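Please read the structure below before turning to the comments.
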Amino acid sequence: MPKPDPKRGPLQGPDAPGAAASSSRRVPLPFSSMKESQDDPEAPERVRRILENPSYVRADQDIHFLERSELRPSRLAFDYLKAELILREHGIQSTIVLFGGTRIVEPAAARRRLERSREAVERQPDSAVARREARVAERVVAKSRYYDIAREFGRLVSRECPVENGRRCAVVTGGGPGIMEAGNRGADDVGAKSVGLNITLPLEQYPNPYITPELCFQFRYFAMRKLHFMKRARAMIAFPGGYGTLDELFDTLTLVQTRKIRPVPVVLVGREFWTRAFDAEFLAEEGVIDPEDTGLFAFAETAEEIWSHILAWYRERGLDPFARIPE
């Protein structure tokens, strides 16, 4: 082994013991400092302009670059991967998807809205708008019972789903208010995790407060959000709702009809509402769907009926509703 030369001082270079193991250097590298101004008075200003130019921002930290249309494929991948990896980390292997109207709020809130609308009618008895809003508020109060049903279903699923290796069948919603809030709230009532899949919109919005914080996601693309709704789904439950609910319902029915996914039970809660909003028998009579397609869903009125139908659907097919689905 080489020995130190007293005239040269400590060993340098590869012969120096532990030189590469240190996290810092004794002698800085040349690029560790800016060119000295005494050699070029303009050098510091030139370097400043380079450092402040957008081109110098690292690609994965450059928001403006990531917003370019050419980066859409990468954004789609990010949209998918973030939720996918976190769901895996939390062991979420199966889900029950729950949808319903954002305007169907809990009974107390619905009654407060009805009281305000009736007061508006008293102040403006000739206003057609005020009278209509009062009629709508009355209908929302009548439907607010579905909030309680969705909340009870969230509790029921979270209590009854078997736990295997610490994995629970989680309720997943669109993360918004109304019926979706009720589903997440039911899971929270019994201390269970639940998932919320929000979507970025031009209008300001907030996630409902009952989603498990580490399982609340915000998607840029509807396509990736829809993918995550169905990827782990063991059932799709649709409460009365508007365009968003209809969109997810028809997406699911189309996927099941075409066998693009493995069939799952689809339950429509509230026969009176759904037979008016969606007349499958009419579609079959008109010849635009097959008669067998009218059997892709069932109706239920209570949380217990929903859960019983899901279990019976799997039992009749000899399947385990919570077995891991192959990728």
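To be explicit about the labels: the chains of the structure tokens are called A, B, and onward in the order shown, and within each one the residues are counted from 1, while ligands get numbers from 1 in the order they are shown.
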
Next on the checklist: I'd like to know which residues of region 11-228 of chain A are strand (DSSP E) (by DSSP, run on the backbone); could you write them as a list of chain:residue names?
Outcome noted: A:Thr95, A:Ile96, A:Val97, A:Leu98, A:Phe99, A:Ala170, A:Val171, A:Val172, A:Thr173, A:Ser194, A:Val195, A:Gly196, A:Leu197, A:Asn198, A:Ile199, A:Cys216, A:Phe217, A:Gln218, A:Phe219

Item to check | Contacts of Glu133 (chain A) at 10 Å (only C-alpha atoms; same-chain gap of 2+ positions) as a ChimeraX atom specification | outcome: /A:113-114,116-118,120-121,128-131,135-139

Residue selection dump (C-alpha atoms) as a PDB file, in the first residue's frame:
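New file selection.pdb:
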ATOM      1  CA  ARG A 113     -83.820  24.832   1.327  1.00  0.00           C
ATOM      2  CA  LEU A 114     -87.553  24.151   1.120  1.00  0.00           C
ATOM      3  CA  ARG A 116     -86.196  29.331   2.103  1.00  0.00           C
ATOM      4  CA  SER A 117     -87.968  28.673  -1.192  1.00  0.00           C
ATOM      5  CA  ARG A 118     -91.397  28.917   0.442  1.00  0.00           C
ATOM      6  CA  ALA A 120     -89.385  33.425  -1.443  1.00  0.00           C
ATOM      7  CA  VAL A 121     -92.837  32.498  -2.779  1.00  0.00           C
ATOM      8  CA  ALA A 128     -93.089  31.646 -11.687  1.00  0.00           C
ATOM      9  CA  VAL A 129     -89.410  31.076 -10.949  1.00  0.00           C
ATOM     10  CA  ALA A 130     -89.961  31.173  -7.186  1.00  0.00           C
ATOM     11  CA  ARG A 131     -92.906  28.765  -7.431  1.00  0.00           C
ATOM     12  CA  ARG A 135     -91.773  22.651  -6.222  1.00  0.00           C
ATOM     13  CA  VAL A 136     -88.262  21.373  -6.938  1.00  0.00           C
ATOM     14  CA  ALA A 137     -87.288  21.833  -3.292  1.00  0.00           C
ATOM     15  CA  GLU A 138     -90.291  19.722  -2.276  1.00  0.00           C
ATOM     16  CA  ARG A 139     -89.152  16.957  -4.622  1.00  0.00           C
TER      17      ARG A 139
END

Contacts of Thr102 (chain A) within 9 Å, only C-alpha atoms, excl. fewer than 4 positions in-chain, as an mmCIF file with N, CA and C atoms, in the first residue's frame:
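In the end it all went to selection39.cif:
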data_model
loop_
_atom_site.group_PDB
_atom_site.id
_atom_site.type_symbol
_atom_site.label_atom_id
_atom_site.label_comp_id
_atom_site.auth_asym_id
_atom_site.auth_seq_id
_atom_site.Cartn_x
_atom_site.Cartn_y
_atom_site.Cartn_z
ATOM 1 N N GLY A 176 -67.953 13.951 -4.652
ATOM 2 C CA GLY A 176 -68.696 15.193 -4.504
ATOM 3 C C GLY A 176 -69.701 15.155 -3.375
ATOM 4 N N PRO A 177 -70.600 16.147 -3.345
ATOM 5 C CA PRO A 177 -71.615 16.221 -2.288
ATOM 6 C C PRO A 177 -72.800 15.297 -2.580
ATOM 7 N N GLY A 178 -73.875 15.460 -1.809
ATOM 8 C CA GLY A 178 -75.099 14.709 -2.059
ATOM 9 C C GLY A 178 -74.942 13.230 -1.772
ATOM 10 N N ILE A 179 -75.432 12.418 -2.691
ATOM 11 C CA ILE A 179 -75.410 10.967 -2.519
ATOM 12 C C ILE A 179 -73.989 10.440 -2.366
ATOM 13 N N MET A 180 -73.051 11.012 -3.131
ATOM 14 C CA MET A 180 -71.661 10.545 -3.012
ATOM 15 C C MET A 180 -71.115 10.818 -1.615
ATOM 16 N N GLU A 181 -71.417 11.992 -1.091
ATOM 17 C CA GLU A 181 -71.023 12.303 0.279
ATOM 18 C C GLU A 181 -71.579 11.275 1.247
ATOM 19 N N GLY A 241 -80.093 10.588 -9.860
ATOM 20 C CA GLY A 241 -79.112 11.630 -10.143
ATOM 21 C C GLY A 241 -79.306 12.197 -11.527
ATOM 22 N N GLY A 242 -78.408 13.090 -11.911
ATOM 23 C CA GLY A 242 -78.529 13.789 -13.184
ATOM 24 C C GLY A 242 -77.588 13.256 -14.243
#

Checklist entry - Which residues, written as a list in words, have at least one atom at most 7 Å from region 263-277 of chain A, with only C-alpha atoms counted and residues fewer than 3 positions away on the same chain left out? => result Arg234, Ala235, Met236, Ile237, Ala238, Phe239, Pro240, Val256, Arg259, Leu296, Phe297, Ala298, Phe299, Ala300, Glu301, Ile306, Ile310 and Trp313 of chain A

C-alpha atoms of the current selection, written as an mmCIF file, in the first residue's frame:
data_model
loop_
_atom_site.group_PDB
_atom_site.id
_atom_site.type_symbol
_atom_site.label_atom_id
_atom_site.label_comp_id
_atom_site.auth_asym_id
_atom_site.auth_seq_id
_atom_site.Cartn_x
_atom_site.Cartn_y
_atom_site.Cartn_z
ATOM 1 C CA ARG A 234 -67.375 -5.510 -7.814
ATOM 2 C CA ALA A 235 -70.688 -3.697 -8.222
ATOM 3 C CA MET A 236 -72.086 -0.388 -9.457
ATOM 4 C CA ILE A 237 -74.863 1.272 -7.447
ATOM 5 C CA ALA A 238 -76.783 4.179 -8.999
ATOM 6 C CA PHE A 239 -79.050 6.364 -6.883
ATOM 7 C CA PRO A 240 -81.276 9.022 -8.469
ATOM 8 C CA VAL A 256 -71.138 -5.122 -19.398
ATOM 9 C CA ARG A 259 -68.379 -7.860 -22.308
ATOM 10 C CA LEU A 296 -78.339 -6.112 -16.906
ATOM 11 C CA PHE A 297 -79.550 -4.326 -13.783
ATOM 12 C CA ALA A 298 -81.882 -4.747 -10.836
ATOM 13 C CA PHE A 299 -83.897 -2.390 -8.642
ATOM 14 C CA ALA A 300 -83.638 -1.918 -4.879
ATOM 15 C CA GLU A 301 -85.192 0.354 -2.286
ATOM 16 C CA ILE A 306 -78.795 -3.573 -2.478
ATOM 17 C CA ILE A 310 -74.913 -8.124 -4.852
ATOM 18 C CA TRP A 313 -75.630 -12.183 -8.005
#

Item to check | Residue with smallest distance to Thr302 (chain A) - pool A:Asp79, A:Asp189, A:Glu152, A:Asp62, counting only C-alpha atoms | outcome: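 Ranked by minimum distance to Thr302 (chain A), first place goes to A:Glu152.
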
Item to check | For CA of Gly244 (chain A) and CA of Gly175 (chain A), the interatomic separation in Å (one decimal) | outcome: 12.3 Å

Next on the checklist: Can you tell me which residues surround Ile199 (chain A) at a distance of at most 10 Å, considering only C-alpha atoms, apart from same-chain residues fewer than 5 positions away, and format the answer as a ChimeraX atom specification?
Outcome noted: /A:174-176,205,207,217-222,224-225

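With CA of Arg112 (chain A) on one side and CA of Thr245 (chain A) on the other, the separation reads 24.7 Å.
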
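Taking CA of Arg75 (chain A) and CA of Ala233 (chain A) as the two end points, the separation is 23.9 Å.
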
Item to check | Residue contacts of Gly183 (chain A) (12 Å, only C-alpha atoms) excluding same-chain residues fewer than 3 positions away, as an MDAnalysis selection string | outcome: chainID A and resid 96:102 105:106 146:158 170:180 186:190 192:196 208:212 237:239 303
